[in-house]
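Q: Have a look at the structure that comes next, please.
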Amino acid sequence: MLTRQERVPILPEEESEMKWRIVVNEDWCKGCGFCYTFCPREVLEKSDKFNTKGYYPPVATNIDRCVGCKLCEAICPDFAIHVEENAKSKKGEK
Amino acid sequence: MEKPILTGEMFTQGDIAAAEGALAAGCRFFAGYPITPATEIAERMAYRLPRIGGRYIQMEDEIASCTAVVGASYSGLKAMTATSGPGVSLMNETIGLAAMTEAPMVLVNVMRGGPSTGQPTEASQSDIMQAKWGSHGDYEIIALIPSSVQEMFDLTIRAFNLSEQYRVPTFVLADEIIGHMRERLIIPPEDELEIINRKKPTVPPEEYLPFKPETDLVPPMATFGEGYHFYATGLTHDQKGYPVMTDEAQLALVPRLCDKIRKNADKITQAESTETEDAEILLVAYGGEARTAMRAVKDARAEGMKIGLFRPISVWPFPKDQLKDAAANAQQVIVAELNYGQLVGEVERIIRNEVPVHFIPRVCGTPHTPDELMKEIRRRIK
Amino acid sequence: MTETSRISTIEEHPILEYIRRDRLPHIFCSACGIGTVLQSFATALRSLNYDMDNMVIISGIGCTGRASGYFAADSYHTTHGRAIAFATGVKVANPKLKPVVISGDGDLFAIGGNHFIHAARRNVDMLVLCVNNFNYGMTGGQMGPTTPVSAITVTSPDGNIEHPFNLVSVAAASGAVFVARWTALHARRLTKSIEKALQKKGFTFIEVVSPCPTLYDRYNRHGTGLEVMKKYREISVIRNFSDPMQAEIDYRTRIVCGEFVDSEKPEFSDLLEEHGKKLQKGD
């Protein structure tokens, strides 16, 4: 089973005011490229680092452009990426 | 609503008795495809099941029928199908699946002459080995052979009981003689019937392992829709039901599928011995053929011949201890079957070379008359 | 801010509650569309908040045949082609259950073709989700009932000479009450169609055209799975409620997608129940 530590948000590294956060389970990614190819806002790019299986997972180099359409999440065949609302941006939350 | 159990007496045929036996056992699902000489079972079920809150469906072929029965069984109903040899040939795929996923189900095969389309309206006992070895791989089934209309009823109930108890496909192997013969059937009151239902899990869903056996080698069975959310597959699987392609998984599963029947055989096997205690000649016959064999034994006894009849009622597992007992004093064993040599091989295997085993075949649609049988016996033993 | 506190705010992938996590990662190849179909199906379950105690997920044999094993639901993996016959048994035995069959084109339309047309004819309540990748993947990429004419596979090494089925046309002609086709690229539209189909009572069918980058698309020099998906984007057109007979599926020219049929017809288990009730009253 996936531990919490294995699910790493690829960006932002720092606390962000961005509304959306993209979470990638790099070890489940098989590098198909669907997410970064079909992202309508060009938020994602292919990483230059490969995972334990030798695939190149995505990185969110333009997270500020993300509008939370979740196409990357819908199209990922490996349940390896999902988009969530950044807790920081939710009203009334710290 | 009509009564599921028609307690009382009726004059009826074996096929109808099988249908009534199934209903009395609690069967509430039938899927089938028309085939002579088993169609009357489907016809009876089509009439009776909807009237007692059960479900009948005529499928597009025998493969679908048998598969729907497994689906219904996993959905919690006692389920059956009825067919003849050509239908069993198609169902064998799913019989393997039912054996592998341990689905209780009953299959009545009213045997007709083969191979292939053969003699649809004539009697035969030539599917004995098909029942045992029909599907590929190592597995066990149970098969019971009735010799009367009453036994069609009784053994169909027992088939359901065994099938539920051991989670195994169970055959009622009737020949066309018994299927279409009419005689008196007595249906006892409900409280006199012994009915066995499958074991249910006693643990909560998160602890349930669908293929973890208990000491009797049989795992308790959850039903779809009960919240157990389990997975079953025809692939080799572990106790969770997940496919595992290792030697260990195959070793843990396949021997158990066989052993749950083999090691419980003493509780399953059933046979009838008549005048065998001092018998020097032991006649072995079953199903419709056993009826004329019985008459032949009585006639021969009247003439002073020391002959007895052994009638296996469960053919799979074969009642080998009972056969050895019956053959204790025999100097010769004679097997009469309505085929060209099937169960005789099993008898030879058990008797070994201790005494000669003769075989009287019959490859046409009627049983021997008692006279014919005696003539054949005399010819062989002289 | 420490690493731990940052990570602790991350939620789980939303569909994982419907998935047997101990079986992931799944067996499907990189860029295979089956995973996307599973993702869409799970997303539909989530958005409908589907009561999983009332669902049975069933599949046959093949790559897509492995689908049923990934869902945390009552699930069964039948022999080759028999998923629909099994589903019929489930539905008839317990009408409260909704069977969902997830299987491949070869399983459902070659060896299982007879069960498909008859379950559709009877209008047995179930969703049939067919991943069409134009070949038998699990066994190494042989031609099947959907392989296009002239396509190369290991059993049509010189080009396929058989005419393929148009699956949506077969489904519509057989009597399905809901018929749709999407490609793996149309993941969100597919999810919507699955939601719609799950809420209908009757035989519903959705075909999902999917890349098979390891076999079919490699033999036919279609490039990577990603390139196949790009091609889908280029050639697919959406024609809702157009005639499924005319729903072209040609990799060189056009793939017609959409919802072709959405109709009403009495459902089999309902009819059976009604029939039984009438007889039990002695009518």
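Ligands are numbered from 1 in the order shown, residues from 1 within each chain, and chains are lettered A, B, ... in the order they appear in the structure tokens.
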Could you list, as a PyMOL selection string, the residues of chain C having an atom within 9 Å of chain A when counting only C-alpha atoms?

A: chain C and resi 1+4+6-16+21-26+28-40+43+184-188+191+224-226+229-230

Q: So that I have them on file, write out the residues from the current selection with C-alpha atoms, as an mmCIF file, in the first residue's frame.

A:
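Final output, saved to result.cif:
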data_model
loop_
_atom_site.group_PDB
_atom_site.id
_atom_site.type_symbol
_atom_site.label_atom_id
_atom_site.label_comp_id
_atom_site.auth_asym_id
_atom_site.auth_seq_id
_atom_site.Cartn_x
_atom_site.Cartn_y
_atom_site.Cartn_z
ATOM 1 C CA MET C 1 8.048 24.598 7.218
ATOM 2 C CA THR C 4 6.413 16.256 7.099
ATOM 3 C CA ARG C 6 3.771 19.866 4.056
ATOM 4 C CA ILE C 7 3.139 16.303 2.966
ATOM 5 C CA SER C 8 0.562 15.564 5.616
ATOM 6 C CA THR C 9 -1.918 17.884 3.924
ATOM 7 C CA ILE C 10 -1.980 15.808 0.733
ATOM 8 C CA GLU C 11 -5.121 13.873 0.054
ATOM 9 C CA GLU C 12 -5.261 10.462 -1.533
ATOM 10 C CA HIS C 13 -5.895 10.031 -5.207
ATOM 11 C CA PRO C 14 -9.672 10.357 -5.171
ATOM 12 C CA ILE C 15 -10.441 7.119 -6.991
ATOM 13 C CA LEU C 16 -8.337 4.883 -4.785
ATOM 14 C CA ARG C 21 -4.595 -0.734 -3.675
ATOM 15 C CA ASP C 22 -2.615 -3.850 -2.837
ATOM 16 C CA ARG C 23 -2.804 -4.802 -6.507
ATOM 17 C CA LEU C 24 -1.265 -1.583 -7.868
ATOM 18 C CA PRO C 25 0.596 -0.723 -10.006
ATOM 19 C CA HIS C 26 -1.533 -2.595 -12.541
ATOM 20 C CA PHE C 28 -1.131 -2.720 -18.265
ATOM 21 C CA CYS C 29 1.623 -1.474 -20.566
ATOM 22 C CA SER C 30 2.767 2.109 -20.653
ATOM 23 C CA ALA C 31 0.307 4.171 -22.741
ATOM 24 C CA CYS C 32 -2.292 1.391 -22.902
ATOM 25 C CA GLY C 33 -5.798 2.860 -22.722
ATOM 26 C CA ILE C 34 -7.237 0.245 -20.365
ATOM 27 C CA GLY C 35 -5.958 2.121 -17.336
ATOM 28 C CA THR C 36 -7.660 5.288 -18.538
ATOM 29 C CA VAL C 37 -10.930 3.391 -18.882
ATOM 30 C CA LEU C 38 -10.606 2.077 -15.328
ATOM 31 C CA GLN C 39 -9.849 5.593 -14.156
ATOM 32 C CA SER C 40 -12.952 6.945 -15.955
ATOM 33 C CA THR C 43 -14.415 8.535 -11.426
ATOM 34 C CA ALA C 184 -9.209 6.741 -24.488
ATOM 35 C CA LEU C 185 -8.485 10.402 -25.216
ATOM 36 C CA HIS C 186 -12.098 11.336 -24.415
ATOM 37 C CA ALA C 187 -11.684 10.376 -20.772
ATOM 38 C CA ARG C 188 -14.071 12.992 -19.382
ATOM 39 C CA THR C 191 -16.881 9.301 -17.634
ATOM 40 C CA THR C 224 3.978 5.281 -29.597
ATOM 41 C CA GLY C 225 0.783 5.207 -27.573
ATOM 42 C CA LEU C 226 1.119 8.948 -27.254
ATOM 43 C CA MET C 229 -3.640 9.365 -28.846
ATOM 44 C CA LYS C 230 -2.595 12.448 -30.835
#

Q: As a list in words, please: every residue in segment 74-165 of chain C that DSSP puts in strand (DSSP E or B).

A: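 Written out, the strand (DSSP E or B) residues of segment 74-165 of chain C are Asp74, Ser75, Tyr76, His77, Lys98, Pro99, Val100, Val101, Ile102, Ser103, Gly104, Met126, Leu127, Val128, Leu129, Cys130, Val131, Asn132, Tyr136, Gln142, Thr153 and Ser156 of chain C.
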
Q: If you run DSSP on the backbone, which residues of segment 154-309 of chain B are alpha helix (DSSP H), as JSON, numbers by chain?

A: {"B": [154, 155, 156, 157, 158, 159, 160, 161, 162, 163, 164, 165, 166, 176, 177, 178, 179, 180, 247, 248, 249, 250, 251, 252, 253, 254, 255, 256, 257, 258, 259, 260, 261, 262, 265, 266, 267, 268, 287, 288, 289, 290, 291, 292, 293, 294, 295, 296, 297, 298, 299, 300, 301, 302]}

Q: Check the smallest atom-to-atom distance from each of C:Pro164, C:Pro148, C:Pro244, C:Gly112 to chain B using only C-alpha atoms, then report the winner.

A: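 Among C:Pro164, C:Pro148, C:Pro244, C:Gly112, it is C:Gly112 that comes nearest to chain B.
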
Q: Under the rule that only C-alpha atoms are counted, which of C:Asp262, C:Asp74, C:Glu17, C:Glu207 is the nearest residue to chain B?

A: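 The answer is C:Asp74, which sits nearest to chain B.
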
Q: Which residues are near Leu373 of chain B? Cut-off 12 Å, only C-alpha atoms, ignore same chain within fewer than 6 positions. Put them as a ChimeraX atom specification.

A: /B:283-285,289-297,299-300,334-338,359-362,367,379-380
